[in-house]
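Reproduced below: run-v1.csv, with CSV, C-alpha atoms.
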chain,number,residue,atom,x,y,z
A,1,ARG,CA,-19.0,38.4,41.8
A,2,ASN,CA,-17.5,40.2,38.8
A,3,SER,CA,-19.0,37.6,36.4
A,4,ARG,CA,-22.6,38.0,37.8
A,5,GLN,CA,-25.2,38.7,35.1
A,6,SER,CA,-28.9,39.2,36.0
A,7,GLU,CA,-31.8,39.0,33.6
A,8,LEU,CA,-29.4,37.9,30.9
A,9,SER,CA,-31.1,37.6,27.5
A,10,ILE,CA,-29.5,35.2,25.0
A,11,SER,CA,-30.8,34.5,21.5
A,12,ASN,CA,-30.0,31.3,19.8
A,13,ILE,CA,-31.2,29.1,17.0
A,14,ASP,CA,-33.0,25.8,18.0
A,15,ALA,CA,-32.8,22.4,16.3
A,16,LEU,CA,-35.6,23.4,13.9
A,17,GLY,CA,-33.8,26.6,12.8
A,18,GLU,CA,-36.1,28.9,14.8
A,19,ALA,CA,-34.8,31.8,16.7
A,20,GLN,CA,-35.3,31.5,20.5
A,21,GLU,CA,-34.7,34.0,23.2
A,22,GLN,CA,-33.7,32.7,26.6
A,23,ARG,CA,-33.8,35.0,29.7
A,24,LEU,CA,-31.7,33.8,32.7
A,25,ASP,CA,-32.5,35.2,36.1
A,26,LEU,CA,-28.9,34.9,37.3
A,27,THR,CA,-25.7,33.4,36.1
A,28,PHE,CA,-22.1,33.7,37.4
A,29,ILE,CA,-18.8,31.9,37.7
A,30,GLU,CA,-17.8,30.7,41.1
A,31,GLN,CA,-14.2,29.8,41.8
A,32,ASP,CA,-13.5,27.1,44.5
A,33,LYS,CA,-11.3,28.7,47.2
A,34,VAL,CA,-9.4,25.5,47.7
A,35,THR,CA,-8.9,24.0,44.2
A,36,GLY,CA,-9.3,27.2,42.1
A,37,GLU,CA,-11.7,25.3,39.8
A,38,GLU,CA,-14.4,27.4,38.3
A,39,THR,CA,-18.1,26.4,38.0
A,40,ARG,CA,-20.8,28.2,35.9
A,41,TRP,CA,-23.9,28.7,38.1
A,42,ILE,CA,-27.3,29.2,36.6
A,43,VAL,CA,-30.1,30.1,39.0
A,44,ASP,CA,-33.7,30.5,38.2
A,45,TYR,CA,-35.9,32.5,40.6
A,46,LYS,CA,-39.4,31.3,41.5
A,47,LEU,CA,-42.1,32.8,43.6
A,48,THR,CA,-44.3,30.4,45.4
A,49,PHE,CA,-46.8,31.1,48.0
A,50,SER,CA,-47.2,27.5,49.3
A,51,ASP,CA,-46.5,27.0,53.0
A,52,ASP,CA,-45.4,23.4,52.3
A,53,VAL,CA,-41.6,23.6,51.9
A,54,SER,CA,-41.4,19.9,51.4
A,55,ASP,CA,-43.0,20.4,47.9
A,56,LEU,CA,-40.2,22.7,46.8
A,57,ASN,CA,-37.9,19.8,45.7
A,58,LEU,CA,-40.7,18.3,43.5
A,59,HIS,CA,-41.6,21.8,42.2
A,60,ALA,CA,-38.0,22.5,41.3
A,61,GLU,CA,-37.7,19.2,39.5
A,62,GLN,CA,-40.4,20.4,37.1
A,63,HIS,CA,-37.9,23.2,35.9
A,64,ARG,CA,-35.0,20.8,35.1
A,65,ALA,CA,-35.6,20.9,31.4
A,66,GLN,CA,-35.7,24.7,31.3
A,67,LEU,CA,-32.4,24.9,33.2
A,68,SER,CA,-30.9,22.3,30.9
A,69,ARG,CA,-31.7,24.5,28.0
A,70,TYR,CA,-30.0,27.4,29.7
A,71,ALA,CA,-26.9,25.2,30.6
A,72,ALA,CA,-26.6,24.2,26.9
A,73,LEU,CA,-26.0,27.9,26.1
A,74,PHE,CA,-22.7,27.8,28.1
A,75,GLU,CA,-21.3,24.4,27.1
A,76,HIS,CA,-18.7,26.0,24.8
A,77,GLU,CA,-17.0,27.4,28.0
A,78,GLY,CA,-15.9,23.9,29.0
A,79,LEU,CA,-16.7,24.6,32.7
A,80,PRO,CA,-18.8,22.4,35.0
A,81,ILE,CA,-22.3,23.8,35.2
A,82,GLN,CA,-24.4,23.9,38.4
A,83,THR,CA,-28.1,24.7,38.0
A,84,ALA,CA,-30.5,25.6,40.8
A,85,VAL,CA,-33.9,27.1,41.6
A,86,PHE,CA,-34.1,29.7,44.3
A,87,TYR,CA,-37.4,30.2,46.0
A,88,LEU,CA,-37.6,33.9,46.9
A,89,THR,CA,-40.5,33.4,49.3
A,90,HIS,CA,-38.8,30.7,51.3
A,91,GLY,CA,-35.2,31.8,50.9
A,92,LYS,CA,-34.4,28.2,49.8
A,93,LEU,CA,-32.0,27.1,47.0
A,94,ILE,CA,-32.6,23.7,45.4
A,95,LEU,CA,-29.7,22.3,43.4
A,96,LEU,CA,-30.6,20.4,40.2
Now that the file is in, can you turn its structure into structure tokens?
Amino acid sequence: RNSRQSELSISNIDALGEAQEQRLDLTFIEQDKVTGEETRWIVDYKLTFSDDVSDLNLHAEQHRAQLSRYAALFEHEGLPIQTAVFYLTHGKLILL
């Protein structure tokens, strides 16, 4: 995708006026082939060595706040935002 950015570093000012640096593993804009609507995707990569794939949903949920912070960085675009965690070891994408 032309819009793909990996290891994107964005600096912003938090609610307390402190500078924060956010580093996104992957973000891109996907255009729906039928409707033409665009969606901003934010994907966080995770390495896990657990053999229990059923725990991945619960583990991914623990990263919802982090992904919400990342999503807030793109609210000005006015696009729908889809966040996800991708488990490299398992090749599994969990939508949040």
- Query: Using all atoms listed in the file, which of A:Glu38, A:Gln31, A:Gln20, A:Gln5 sits nearest Pro80 of chain A?
  - Reply: A:Glu38
Extract, using all atoms listed in the file, all DNA, RNA and protein residues at most 7 Å from Leu8 of chain A, discarding same-chain residues fewer than 2 positions from it, and format them as a PDB file with C-alpha atoms, in the frame of the given file.
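result.pdb was written with the following content:
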ATOM      1  CA  GLN A   5     -25.200  38.700  35.100  1.00  0.00           C
ATOM      2  CA  SER A   6     -28.900  39.200  36.000  1.00  0.00           C
ATOM      3  CA  ILE A  10     -29.500  35.200  25.000  1.00  0.00           C
ATOM      4  CA  ARG A  23     -33.800  35.000  29.700  1.00  0.00           C
ATOM      5  CA  LEU A  24     -31.700  33.800  32.700  1.00  0.00           C
ATOM      6  CA  ASP A  25     -32.500  35.200  36.100  1.00  0.00           C
TER       7      ASP A  25
END
- Nearby residues (only C-alpha atoms) at most 12 Å from Gln62 of chain A, same-chain spacing under 6 positions excluded, as JSON, numbers by chain: {"A": [46, 55, 56, 68, 84, 85, 94, 96]}
- Query: Skipping near chain neighbours, those fewer than 5 positions away, what residues fall within 10 Å of Ala71 of chain A using all atoms listed in the file, listed as a ChimeraX atom specification?
  - Reply: /A:27,40-42,65-66,80-83
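Proximity to Tyr87 of chain A was assessed for A:Arg64, A:Asp44, A:Leu26, A:Ala72 counting all atoms listed in the file; the smallest distance is recorded for A:Asp44.
Relative to atom CA of Gln22 of chain A, atom CA of Tyr70 of chain A is found at 7.2 Å.
Atom pair atom CA of Phe86 of chain A / atom CA of Tyr45 of chain A: separated by 5.0 Å.
Take the candidates A:Ile29, A:Leu95, A:Leu67, A:Leu73 and check each one against Ser3 of chain A using only C-alpha atoms; the shortest distance goes to A:Ile29.
Distance-wise, atom CA of Glu75 of chain A and atom CA of Lys33 of chain A end up 22.9 Å apart.
Shortest atom-to-atom contact with Arg4 of chain A among A:Gly36, A:Phe28, A:Thr48, A:Glu61: A:Phe28, counting only C-alpha atoms.
The closest residue to Glu30 of chain A, picked from A:Arg69, A:Arg1, A:Ser9, A:Gly17 and counting only C-alpha atoms, is A:Arg1.
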Would you mind completing segment 59-78 of chain A to N, CA, C and O atoms and writing the output as a CSV table (one decimal), in the frame of the given file?
chain,number,residue,atom,x,y,z
A,59,HIS,N,-41.3,20.6,43.0
A,59,HIS,CA,-41.6,21.8,42.2
A,59,HIS,C,-40.4,22.2,41.4
A,59,HIS,O,-40.5,22.4,40.2
A,60,ALA,N,-39.2,22.2,42.0
A,60,ALA,CA,-38.0,22.5,41.3
A,60,ALA,C,-37.7,21.5,40.2
A,60,ALA,O,-37.2,21.9,39.1
A,61,GLU,N,-37.9,20.3,40.5
A,61,GLU,CA,-37.7,19.2,39.5
A,61,GLU,C,-38.4,19.5,38.2
A,61,GLU,O,-37.9,19.2,37.1
A,62,GLN,N,-39.6,20.1,38.3
A,62,GLN,CA,-40.4,20.4,37.1
A,62,GLN,C,-39.7,21.5,36.2
A,62,GLN,O,-40.0,21.6,35.0
A,63,HIS,N,-38.6,22.1,36.7
A,63,HIS,CA,-37.9,23.2,35.9
A,63,HIS,C,-36.6,22.7,35.4
A,63,HIS,O,-35.8,23.4,34.8
A,64,ARG,N,-36.3,21.4,35.6
A,64,ARG,CA,-35.0,20.8,35.1
A,64,ARG,C,-34.8,21.0,33.6
A,64,ARG,O,-33.7,21.4,33.2
A,65,ALA,N,-35.8,20.8,32.8
A,65,ALA,CA,-35.6,20.9,31.4
A,65,ALA,C,-35.3,22.4,31.0
A,65,ALA,O,-34.4,22.6,30.1
A,66,GLN,N,-35.9,23.3,31.6
A,66,GLN,CA,-35.7,24.7,31.3
A,66,GLN,C,-34.2,25.0,31.7
A,66,GLN,O,-33.5,25.7,30.9
A,67,LEU,N,-33.8,24.6,32.8
A,67,LEU,CA,-32.4,24.9,33.2
A,67,LEU,C,-31.4,24.2,32.4
A,67,LEU,O,-30.3,24.7,32.1
A,68,SER,N,-31.7,23.0,31.9
A,68,SER,CA,-30.9,22.3,30.9
A,68,SER,C,-30.7,23.1,29.6
A,68,SER,O,-29.6,23.1,29.1
A,69,ARG,N,-31.8,23.7,29.2
A,69,ARG,CA,-31.7,24.5,28.0
A,69,ARG,C,-30.7,25.7,28.2
A,69,ARG,O,-29.9,26.0,27.4
A,70,TYR,N,-30.9,26.3,29.4
A,70,TYR,CA,-30.0,27.4,29.7
A,70,TYR,C,-28.5,26.9,29.8
A,70,TYR,O,-27.6,27.6,29.3
A,71,ALA,N,-28.3,25.8,30.4
A,71,ALA,CA,-26.9,25.2,30.6
A,71,ALA,C,-26.3,25.0,29.2
A,71,ALA,O,-25.1,25.2,29.0
A,72,ALA,N,-27.1,24.5,28.2
A,72,ALA,CA,-26.6,24.2,26.9
A,72,ALA,C,-26.0,25.5,26.3
A,72,ALA,O,-25.1,25.4,25.4
A,73,LEU,N,-26.5,26.7,26.6
A,73,LEU,CA,-26.0,27.9,26.1
A,73,LEU,C,-24.5,28.2,26.5
A,73,LEU,O,-23.9,29.0,25.9
A,74,PHE,N,-24.0,27.5,27.5
A,74,PHE,CA,-22.7,27.8,28.1
A,74,PHE,C,-21.8,26.6,27.9
A,74,PHE,O,-20.6,26.6,28.4
A,75,GLU,N,-22.2,25.5,27.2
A,75,GLU,CA,-21.3,24.4,27.1
A,75,GLU,C,-20.0,24.7,26.4
A,75,GLU,O,-19.0,24.0,26.7
A,76,HIS,N,-20.0,25.7,25.6
A,76,HIS,CA,-18.7,26.0,24.8
A,76,HIS,C,-17.6,26.5,25.8
A,76,HIS,O,-16.5,26.5,25.4
A,77,GLU,N,-18.0,26.9,27.0
A,77,GLU,CA,-17.0,27.4,28.0
A,77,GLU,C,-16.1,26.3,28.5
A,77,GLU,O,-15.0,26.5,29.0
A,78,GLY,N,-16.7,25.0,28.5
A,78,GLY,CA,-15.9,23.9,29.0
A,78,GLY,C,-15.9,23.8,30.5
A,78,GLY,O,-15.0,23.1,31.1
